[in-house]
Amino acid sequence: MADMITLEVMRYRPEQETEPTFQGYEVPFHADWVVLDALNYIKDRLDGSLSYRWSCRMGVCGSCGMMVNGEPQLTCATFLSQYLPGPIRVEPLRYFPIMRDLVIDMTDFMGKLQSVKPWIIPGEEKPLSQGEYLQTPEELDVYKQFSMCINCMLCYAACPVYGLDPQFIGPAAIALAQRYNMDSRDHGTSQRLDMLSQHEGIWGCTFVGECSKVCPKEVDPAGAIQQYKLTATKEWFKAFLMPWGAK
Amino acid sequence: MNEIPAYTAYHPRWYRPRVSTYWWLWRWAYLKFILRELSSVFVAYFVVLILLQLRALSHGPEAYAAFQEWLQMPLVIALNGVSLLFVLFHTITWFNLAPRAMVMRVRGKRVPDLLISGSNYVAWLVVSVAVAWLILRG
Amino acid sequence: MAKRSNEPFLWLLFSAGGALAALLVPVLLFLYGLAFPLGWLEPPSYQSMLTLVSHPLMRLVIFAFCFLALCHWAHRFRYTLYDGLQIKHLNEVIFVFCYGGAIVGTVLAGYLLWTIQ
């Protein structure tokens, strides 16, 4: 097995330069190291100026998403041994503005996520004395896959439509909207419909399917979007044929 | 935040790489996607073939025979061959993606993907045999 | 309500067209485009083709197929132009070219099917 492996890391220091550059670092190779371990080694021992996001290091927080050799990956879940003999190219998440080094700006995603109202909208407020909202395992199964999203934005880095059209709401936000739409406790489908059925909302999606391929939690956002297109079409026909029934 | 702004806030120091016009060449998955989308052009070409054939039919047996001869030109045969490949690509990708869009639940459990795409393929076989029989029994 | 686009309707036409095309075009293109011209199978005579196509139900089926298959092309090609060539600023031109083309084709199909005998 190799001793060392080289990482080509994208650097961008806005106060010094106008374009990003690549800097090479040689890090020790260990069979059980992930790319995040290599980045932490660089920051601790080689170059403390490197900026990047990470947190749980076990694939549940969604902070450490980056492009590794051109593929969106969670760096805490990507082993160095996959890329022997190297070098490994590490770049910030694609299709997002780069703030510094490997750190991208995610306000666009946060805004879009908020716009789809990702919370339970109850039909009627129940007083506490009436107890909990009950849900059977079958009802849970209907939306459970979409609830696995950790907001890591790898799907946005894989989606060409998002890269080309800044107004496209994007895979994760739509999958989460669908997660709440299909929750039996939720009655907010019509409220989310307004945001999602705009032209830029979901209709930009052409089912490329890359988002589902890169998702580390197998949420299948592409499937969620197509299912939502069917729902939105049904709603459109209902509104078209029975306008008096509109809210 | 009810309105999605058209662009993120202007921040002069953030770097925004421009997406290349040839983004679809940079990954095999993207190229396959564009080829799949271009299969629609060959579907439209087939409709044009149908219209030409209808026109030849309505102009009489000589026109129809001339049209058959045109169909035998090597260039047209090659075009039809390429079109068939693209149309088959469309059919296969369409049926394989169908279960992701149409989720059916029977008695609380999700119908397996293979069953949904499988029944599409079976329908394809049945329809193809029926159409061929209709045309060939002549 | 004013902000809701009419995309759902166009998408439904695209989906219907795609499903029909997936089922019907391979066998038809194989027969008329390859098998008959190359002599692999005996092509039907002029008279039997005419009889087959002239049946009112068949005219309707062919018309519906042409309409939906063209809608499928129009919708898909429109988005391919947006994403593939990044010419979304030519939005209106693309829209008219695609759906206009589909309508022209449908009208032609209708005319031909109406007048055939």
# chains A, B, ... in the order shown; residues from 1 in each chain; ligands from 1
call {"tool": "interface_residues", "arguments": {"of": "chain A", "to": "chain C", "cutoff": "10 Å", "atoms": "only C-alpha atoms", "output": "PyMOL selection string"}}
result
chain A and resi 160-161+163-165+193-206+229-237+239+246-247
call {"tool": "interface_residues", "arguments": {"of": "chain C", "to": "chain B", "cutoff": "8 Å", "atoms": "only C-alpha atoms", "output": "PyMOL selection string"}}
result
chain C and resi 18-19+21-31+33-34+37-38+42-46+48-50+52+66+69-70+72-73+76-77+80+84-86+105+108-109+112-113+115-117
call {"tool": "residues_around", "arguments": {"residues": "Tyr99 (chain C)", "least_positions_apart": "4", "cutoff": "8 Å", "atoms": "only C-alpha atoms", "output": "list of chain:residue names"}}
result
C:Cys71, C:Ala74, C:His75, C:Phe95, C:Ile103
call {"tool": "write_last_selection", "arguments": {"atoms": "N, CA and C atoms", "output": "PDB file, in the first residue's frame"}}
result
ATOM      1  N   CYS C  71     -46.633  16.369 -29.630  1.00  0.00           N
ATOM      2  CA  CYS C  71     -46.592  17.115 -28.362  1.00  0.00           C
ATOM      3  C   CYS C  71     -45.421  16.634 -27.515  1.00  0.00           C
ATOM      4  N   ALA C  74     -42.388  18.223 -28.929  1.00  0.00           N
ATOM      5  CA  ALA C  74     -42.350  19.661 -28.695  1.00  0.00           C
ATOM      6  C   ALA C  74     -41.865  19.976 -27.280  1.00  0.00           C
ATOM      7  N   HIS C  75     -42.444  19.288 -26.291  1.00  0.00           N
ATOM      8  CA  HIS C  75     -42.136  19.566 -24.897  1.00  0.00           C
ATOM      9  C   HIS C  75     -40.701  19.198 -24.579  1.00  0.00           C
ATOM     10  N   PHE C  95     -40.707  28.414 -27.761  1.00  0.00           N
ATOM     11  CA  PHE C  95     -42.061  27.952 -27.468  1.00  0.00           C
ATOM     12  C   PHE C  95     -42.885  27.884 -28.741  1.00  0.00           C
ATOM     13  N   ILE C 103     -48.462  21.772 -33.734  1.00  0.00           N
ATOM     14  CA  ILE C 103     -49.808  22.081 -34.213  1.00  0.00           C
ATOM     15  C   ILE C 103     -49.875  21.949 -35.730  1.00  0.00           C
TER      16      ILE C 103
END
call {"tool": "select_by_dssp", "arguments": {"residues": "region 80-133 of chain A", "states": "alpha helix (DSSP H)", "output": "JSON, numbers by chain"}}
result
{"A": [107, 108, 109, 110, 111, 112, 113, 114, 115]}
call {"tool": "write_last_selection", "arguments": {"atoms": "C-alpha atoms", "output": "PDB file, in the first residue's frame"}}
result
ATOM      1  CA  THR A 107     -28.557  30.974   1.375  1.00  0.00           C
ATOM      2  CA  ASP A 108     -30.228  30.151  -1.945  1.00  0.00           C
ATOM      3  CA  PHE A 109     -30.970  26.613  -0.805  1.00  0.00           C
ATOM      4  CA  MET A 110     -32.092  27.798   2.635  1.00  0.00           C
ATOM      5  CA  GLY A 111     -34.476  30.286   1.067  1.00  0.00           C
ATOM      6  CA  LYS A 112     -35.944  27.708  -1.268  1.00  0.00           C
ATOM      7  CA  LEU A 113     -36.291  25.186   1.529  1.00  0.00           C
ATOM      8  CA  GLN A 114     -38.151  27.695   3.652  1.00  0.00           C
ATOM      9  CA  SER A 115     -40.417  28.627   0.749  1.00  0.00           C
TER      10      SER A 115
END
call {"tool": "atom_distance", "arguments": {"atom1": "CA of Ala224 (chain A)", "atom2": "CA of Tyr30 (chain B)"}}
result
20.1 Å
call {"tool": "decode", "arguments": {"residues": "region 21-94 of chain C", "atoms": "C-alpha atoms", "output": "PDB file, in the first residue's frame"}}
result
ATOM      1  CA  ALA C  21     -44.525   6.459 -28.728  1.00  0.00           C
ATOM      2  CA  ALA C  22     -42.777   3.950 -26.478  1.00  0.00           C
ATOM      3  CA  LEU C  23     -45.441   1.330 -27.187  1.00  0.00           C
ATOM      4  CA  LEU C  24     -46.119   1.887 -30.879  1.00  0.00           C
ATOM      5  CA  VAL C  25     -43.166   3.428 -32.688  1.00  0.00           C
ATOM      6  CA  PRO C  26     -40.598   0.602 -32.389  1.00  0.00           C
ATOM      7  CA  VAL C  27     -42.713  -2.047 -34.135  1.00  0.00           C
ATOM      8  CA  LEU C  28     -44.079   0.381 -36.745  1.00  0.00           C
ATOM      9  CA  LEU C  29     -40.674   1.850 -37.564  1.00  0.00           C
ATOM     10  CA  PHE C  30     -39.196  -1.630 -37.774  1.00  0.00           C
ATOM     11  CA  LEU C  31     -41.881  -2.784 -40.202  1.00  0.00           C
ATOM     12  CA  TYR C  32     -42.199   0.271 -42.439  1.00  0.00           C
ATOM     13  CA  GLY C  33     -38.662   1.561 -42.120  1.00  0.00           C
ATOM     14  CA  LEU C  34     -36.623  -1.631 -42.347  1.00  0.00           C
ATOM     15  CA  ALA C  35     -38.511  -4.924 -42.783  1.00  0.00           C
ATOM     16  CA  PHE C  36     -40.666  -3.956 -45.767  1.00  0.00           C
ATOM     17  CA  PRO C  37     -38.115  -1.881 -47.739  1.00  0.00           C
ATOM     18  CA  LEU C  38     -35.382  -4.502 -47.206  1.00  0.00           C
ATOM     19  CA  GLY C  39     -37.689  -7.368 -48.140  1.00  0.00           C
ATOM     20  CA  TRP C  40     -37.472  -9.196 -44.816  1.00  0.00           C
ATOM     21  CA  LEU C  41     -41.264  -9.365 -44.710  1.00  0.00           C
ATOM     22  CA  GLU C  42     -43.910  -9.167 -47.409  1.00  0.00           C
ATOM     23  CA  PRO C  43     -45.290  -5.603 -47.386  1.00  0.00           C
ATOM     24  CA  PRO C  44     -49.087  -5.223 -47.483  1.00  0.00           C
ATOM     25  CA  SER C  45     -50.594  -4.276 -50.824  1.00  0.00           C
ATOM     26  CA  TYR C  46     -51.715  -0.759 -51.664  1.00  0.00           C
ATOM     27  CA  GLN C  47     -55.353  -1.787 -51.405  1.00  0.00           C
ATOM     28  CA  SER C  48     -55.053  -3.455 -48.020  1.00  0.00           C
ATOM     29  CA  MET C  49     -53.140  -0.455 -46.612  1.00  0.00           C
ATOM     30  CA  LEU C  50     -55.835   1.875 -47.915  1.00  0.00           C
ATOM     31  CA  THR C  51     -58.592  -0.244 -46.405  1.00  0.00           C
ATOM     32  CA  LEU C  52     -56.794  -0.417 -43.084  1.00  0.00           C
ATOM     33  CA  VAL C  53     -56.197   3.312 -42.841  1.00  0.00           C
ATOM     34  CA  SER C  54     -59.618   4.382 -44.126  1.00  0.00           C
ATOM     35  CA  HIS C  55     -61.541   2.810 -41.283  1.00  0.00           C
ATOM     36  CA  PRO C  56     -62.954   5.715 -39.207  1.00  0.00           C
ATOM     37  CA  LEU C  57     -61.654   4.295 -35.953  1.00  0.00           C
ATOM     38  CA  MET C  58     -58.188   3.862 -37.422  1.00  0.00           C
ATOM     39  CA  ARG C  59     -58.221   7.455 -38.709  1.00  0.00           C
ATOM     40  CA  LEU C  60     -58.994   8.643 -35.209  1.00  0.00           C
ATOM     41  CA  VAL C  61     -56.292   6.490 -33.656  1.00  0.00           C
ATOM     42  CA  ILE C  62     -53.657   7.655 -36.155  1.00  0.00           C
ATOM     43  CA  PHE C  63     -54.686  11.273 -35.633  1.00  0.00           C
ATOM     44  CA  ALA C  64     -54.499  11.002 -31.843  1.00  0.00           C
ATOM     45  CA  PHE C  65     -51.131   9.270 -32.106  1.00  0.00           C
ATOM     46  CA  CYS C  66     -49.658  11.955 -34.387  1.00  0.00           C
ATOM     47  CA  PHE C  67     -50.947  14.739 -32.151  1.00  0.00           C
ATOM     48  CA  LEU C  68     -49.603  13.238 -28.927  1.00  0.00           C
ATOM     49  CA  ALA C  69     -46.277  12.092 -30.385  1.00  0.00           C
ATOM     50  CA  LEU C  70     -45.671  15.605 -31.748  1.00  0.00           C
ATOM     51  CA  CYS C  71     -46.592  17.115 -28.362  1.00  0.00           C
ATOM     52  CA  HIS C  72     -44.073  14.755 -26.789  1.00  0.00           C
ATOM     53  CA  TRP C  73     -41.365  16.011 -29.171  1.00  0.00           C
ATOM     54  CA  ALA C  74     -42.350  19.661 -28.695  1.00  0.00           C
ATOM     55  CA  HIS C  75     -42.136  19.566 -24.897  1.00  0.00           C
ATOM     56  CA  ARG C  76     -38.958  17.525 -24.696  1.00  0.00           C
ATOM     57  CA  PHE C  77     -37.162  19.443 -27.426  1.00  0.00           C
ATOM     58  CA  ARG C  78     -38.113  22.762 -25.861  1.00  0.00           C
ATOM     59  CA  TYR C  79     -36.411  21.784 -22.596  1.00  0.00           C
ATOM     60  CA  THR C  80     -33.442  20.329 -24.438  1.00  0.00           C
ATOM     61  CA  LEU C  81     -32.947  23.700 -26.120  1.00  0.00           C
ATOM     62  CA  TYR C  82     -33.224  25.484 -22.773  1.00  0.00           C
ATOM     63  CA  ASP C  83     -30.748  23.233 -20.996  1.00  0.00           C
ATOM     64  CA  GLY C  84     -28.565  21.986 -23.808  1.00  0.00           C
ATOM     65  CA  LEU C  85     -27.892  25.234 -25.569  1.00  0.00           C
ATOM     66  CA  GLN C  86     -28.676  27.600 -22.686  1.00  0.00           C
ATOM     67  CA  ILE C  87     -30.825  29.785 -24.853  1.00  0.00           C
ATOM     68  CA  LYS C  88     -33.614  30.296 -22.397  1.00  0.00           C
ATOM     69  CA  HIS C  89     -33.656  33.978 -23.237  1.00  0.00           C
ATOM     70  CA  LEU C  90     -35.119  32.954 -26.595  1.00  0.00           C
ATOM     71  CA  ASN C  91     -37.985  31.463 -24.610  1.00  0.00           C
ATOM     72  CA  GLU C  92     -40.830  32.810 -26.728  1.00  0.00           C
ATOM     73  CA  VAL C  93     -39.200  31.842 -30.032  1.00  0.00           C
ATOM     74  CA  ILE C  94     -38.536  28.320 -28.801  1.00  0.00           C
TER      75      ILE C  94
END
